[in-house]
Amino acid sequence: MLKYVPSISDEPIHQQLSELFREKISSGDWKEGRPLPSEAELCAQHGVSRGTVRQALASLRSEGMVTGGRGKPPVVARPVPSQSFATFMSFSEWAHSLGREPGQRTVEIARRPAGEDLAGKMGLRPGEPVIQVLRLRSLDGKPTMVERSNFIAEVGNALFGFDTDSGSIFGYLTSRGVDLTRGRHVIDAVGADATDAELLGVEPGAALLREHRLTYAADGRILECSDDRYLPHLANFVIENTRASRAALVRVPLVA
């Protein structure tokens, strides 16, 4: 059996051990729906205390990777696809990185004047034209996310010559030389509105995971503002950082 060997990392042992357990789940060594080794077995295998094992397993439970507890043996949970910051710019890129098939159905594409709220977010004057796209995105044919994108006219006009049901809008725009350099993402929860409910097959008000994104060109211009709403049991988001290399993540207080 593989024995836990302390590394030079300054992370606590239980965190290092939980990372080892994650690798076992990701690699399929610990299979979905199967019980994990007992705490006594894990202690013996890795040369650590029962408390350390329990802390490591608690991390996996909090992430939804393991279920059970309170007298029930821990079991590997059905994995929820996770989207990392590295693939936030493209749903299709994320899906392919998972070995899944992305899909899309365009509900609407239209040129409209920007309302005051949207104009303020995008640095436009109210009434300036934007190109709005509403699509239902899917993973392996399962409805997963409602995508609402707003592009400045200079960028979005190109979409009228593109089959938006055929694939990635970001991939298409990038192939045409559009400078999609940087994204700013805010993740929160929101209740499904009537459109979300119809497209995703949920009840109005059902909890959805929302990614609000602003996409910038290299010169700082905002090219796109999006509101993407995911079914929480089909997708989540992962941020990785260390003490030496911290993710550019801030906590934004909600304004009542």
# chains A, B, ... in the order shown; residues from 1 in each chain; ligands from 1
>>> residues_around(residues="region 195-209 of chain A", least_positions_apart="5", cutoff="8 Å", atoms="only C-alpha atoms", output="PyMOL selection string")
chain A and resi 136+143-146+187-190+229-232+236
>>> select_by_dssp(residues="region 56-169 of chain A", states="helix (DSSP H, G or I)", output="short mmCIF file (atom, residue, chain, number, x, y, z; two decimals) with N, CA, C and O atoms, in the first residue's frame")
data_model
loop_
_atom_site.label_atom_id
_atom_site.label_comp_id
_atom_site.auth_asym_id
_atom_site.auth_seq_id
_atom_site.Cartn_x
_atom_site.Cartn_y
_atom_site.Cartn_z
N ALA A 56 -9.28 15.12 6.65
CA ALA A 56 -9.13 15.00 5.20
C ALA A 56 -10.44 14.60 4.54
O ALA A 56 -10.83 15.15 3.50
N LEU A 57 -11.16 13.66 5.15
CA LEU A 57 -12.44 13.22 4.60
C LEU A 57 -13.49 14.32 4.70
O LEU A 57 -14.35 14.45 3.83
N ALA A 58 -13.41 15.13 5.76
CA ALA A 58 -14.36 16.24 5.91
C ALA A 58 -14.23 17.23 4.76
O ALA A 58 -15.23 17.78 4.28
N SER A 59 -13.00 17.45 4.29
CA SER A 59 -12.79 18.34 3.15
C SER A 59 -13.47 17.79 1.90
O SER A 59 -14.10 18.53 1.15
N LEU A 60 -13.36 16.48 1.70
CA LEU A 60 -13.99 15.87 0.53
C LEU A 60 -15.51 15.93 0.62
O LEU A 60 -16.19 16.12 -0.39
N ARG A 61 -16.04 15.76 1.84
CA ARG A 61 -17.50 15.86 2.01
C ARG A 61 -17.98 17.28 1.68
O ARG A 61 -19.01 17.47 1.05
N SER A 62 -17.23 18.28 2.15
CA SER A 62 -17.64 19.67 1.92
C SER A 62 -17.62 20.01 0.44
O SER A 62 -18.35 20.90 -0.01
N PHE A 85 -10.85 28.32 -13.41
CA PHE A 85 -10.70 29.66 -13.95
C PHE A 85 -10.02 29.63 -15.31
O PHE A 85 -10.21 30.52 -16.12
N ALA A 86 -9.20 28.60 -15.57
CA ALA A 86 -8.46 28.53 -16.83
C ALA A 86 -9.38 28.38 -18.03
O ALA A 86 -9.00 28.72 -19.14
N THR A 87 -10.60 27.86 -17.83
CA THR A 87 -11.51 27.66 -18.95
C THR A 87 -12.78 28.48 -18.83
O THR A 87 -13.76 28.22 -19.50
N PHE A 91 -17.40 27.87 -22.62
CA PHE A 91 -18.12 26.68 -22.18
C PHE A 91 -17.68 25.47 -22.99
O PHE A 91 -17.47 24.38 -22.44
N SER A 92 -17.52 25.64 -24.30
CA SER A 92 -17.13 24.52 -25.17
C SER A 92 -15.75 24.00 -24.80
O SER A 92 -15.52 22.79 -24.74
N GLU A 93 -14.82 24.90 -24.51
CA GLU A 93 -13.46 24.50 -24.13
C GLU A 93 -13.49 23.70 -22.83
O GLU A 93 -12.80 22.69 -22.68
N TRP A 94 -14.31 24.16 -21.88
CA TRP A 94 -14.46 23.46 -20.61
C TRP A 94 -15.01 22.06 -20.83
O TRP A 94 -14.49 21.09 -20.31
N ALA A 95 -16.09 21.96 -21.63
CA ALA A 95 -16.71 20.66 -21.88
C ALA A 95 -15.71 19.69 -22.51
O ALA A 95 -15.60 18.53 -22.09
N HIS A 96 -14.98 20.15 -23.50
CA HIS A 96 -14.00 19.27 -24.16
C HIS A 96 -12.90 18.84 -23.21
O HIS A 96 -12.40 17.72 -23.29
N SER A 97 -12.53 19.73 -22.26
CA SER A 97 -11.49 19.36 -21.30
C SER A 97 -11.94 18.23 -20.39
O SER A 97 -11.12 17.52 -19.81
N GLU A 116 -30.06 51.42 -19.34
CA GLU A 116 -29.17 52.19 -18.46
C GLU A 116 -28.27 51.28 -17.63
O GLU A 116 -27.07 51.55 -17.47
N ASP A 117 -28.83 50.18 -17.08
CA ASP A 117 -28.04 49.30 -16.23
C ASP A 117 -26.94 48.61 -17.02
O ASP A 117 -25.77 48.60 -16.62
N LEU A 118 -27.30 48.03 -18.18
CA LEU A 118 -26.30 47.34 -19.01
C LEU A 118 -25.26 48.32 -19.52
O LEU A 118 -24.06 48.01 -19.53
N ALA A 119 -25.70 49.49 -19.95
CA ALA A 119 -24.75 50.49 -20.45
C ALA A 119 -23.74 50.86 -19.37
O ALA A 119 -22.53 51.00 -19.64
N GLY A 120 -24.21 51.00 -18.12
CA GLY A 120 -23.31 51.32 -17.03
C GLY A 120 -22.27 50.25 -16.80
O GLY A 120 -21.09 50.55 -16.53
N LYS A 121 -22.68 48.98 -16.90
CA LYS A 121 -21.75 47.87 -16.70
C LYS A 121 -20.70 47.81 -17.80
O LYS A 121 -19.55 47.41 -17.55
N MET A 122 -21.10 48.17 -19.04
CA MET A 122 -20.21 48.00 -20.18
C MET A 122 -19.48 49.27 -20.57
O MET A 122 -18.69 49.27 -21.53
N ALA A 153 -21.50 46.41 -30.39
CA ALA A 153 -21.90 46.19 -31.78
C ALA A 153 -20.70 45.88 -32.67
O ALA A 153 -20.79 45.03 -33.57
N GLU A 154 -19.58 46.54 -32.43
CA GLU A 154 -18.38 46.33 -33.25
C GLU A 154 -17.97 44.86 -33.28
O GLU A 154 -17.48 44.35 -34.29
N VAL A 155 -18.16 44.17 -32.16
CA VAL A 155 -17.81 42.75 -32.05
C VAL A 155 -18.99 41.86 -32.42
O VAL A 155 -18.88 40.92 -33.20
N GLY A 156 -20.15 42.17 -31.87
CA GLY A 156 -21.30 41.29 -32.01
C GLY A 156 -21.89 41.24 -33.40
O GLY A 156 -22.53 40.23 -33.77
N ASN A 157 -21.70 42.28 -34.22
CA ASN A 157 -22.25 42.25 -35.58
C ASN A 157 -21.76 41.05 -36.38
O ASN A 157 -22.46 40.55 -37.27
N ALA A 158 -20.56 40.57 -36.06
CA ALA A 158 -20.00 39.41 -36.78
C ALA A 158 -20.83 38.16 -36.55
O ALA A 158 -20.79 37.23 -37.36
N LEU A 159 -21.60 38.12 -35.46
CA LEU A 159 -22.35 36.91 -35.13
C LEU A 159 -23.54 36.70 -36.05
O LEU A 159 -24.07 35.58 -36.14
N PHE A 160 -23.98 37.73 -36.76
CA PHE A 160 -25.10 37.56 -37.69
C PHE A 160 -24.67 36.74 -38.91
O PHE A 160 -25.53 36.25 -39.65
N GLY A 161 -23.36 36.59 -39.12
CA GLY A 161 -22.86 35.75 -40.20
C GLY A 161 -22.35 34.41 -39.71
O GLY A 161 -21.69 33.68 -40.45
N ILE A 169 -18.99 30.64 -29.54
CA ILE A 169 -18.95 32.03 -30.00
C ILE A 169 -17.57 32.62 -29.75
O ILE A 169 -17.02 33.32 -30.62
#
>>> closest_residue(among="A:Ser18, A:Thr67, A:Gln104, A:Thr164", to="Asp140 (chain A)", atoms="only C-alpha atoms")
A:Gln104
>>> closest_residue(among="A:Gly47, A:Arg221, A:Leu214, A:Pro37", to="Ile13 (chain A)", atoms="only C-alpha atoms")
A:Gly47
>>> atom_distance(atom1="CA of Tyr172 (chain A)", atom2="CA of His233 (chain A)")
28.9 Å
>>> atom_distance(atom1="CA of Ala192 (chain A)", atom2="CA of Asp227 (chain A)")
12.3 Å
>>> residues_around(residues="Arg111 (chain A)", least_positions_apart="3", cutoff="8 Å", atoms="only C-alpha atoms", output="list in words")
Pro129, Val130, Ile131, Gln132 and Ala153 of chain A
>>> write_last_selection(atoms="C-alpha atoms", output="compact mmCIF listing (two decimals), in the first residue's frame")
# COMPACT_ATOMS: atom_id res chain seq x y z
CA PRO A 129 -26.50 49.30 -29.70
CA VAL A 130 -25.48 45.93 -28.31
CA ILE A 131 -25.83 42.45 -29.79
CA GLN A 132 -27.67 40.13 -27.41
CA ALA A 153 -21.90 46.19 -31.78
>>> atom_distance(atom1="CA of Leu180 (chain A)", atom2="CA of Leu223 (chain A)")
7.7 Å
>>> select_by_dssp(residues="region 11-165 of chain A", states="strand (DSSP E or B)", output="ChimeraX atom specification")
/A:35,66-69,72-76,82-84,102-113,129-139,142-152
>>> residues_around(residues="Pro35 (chain A)", least_positions_apart="5", cutoff="8 Å", atoms="only C-alpha atoms", output="PyMOL selection string")
chain A and resi 73-76
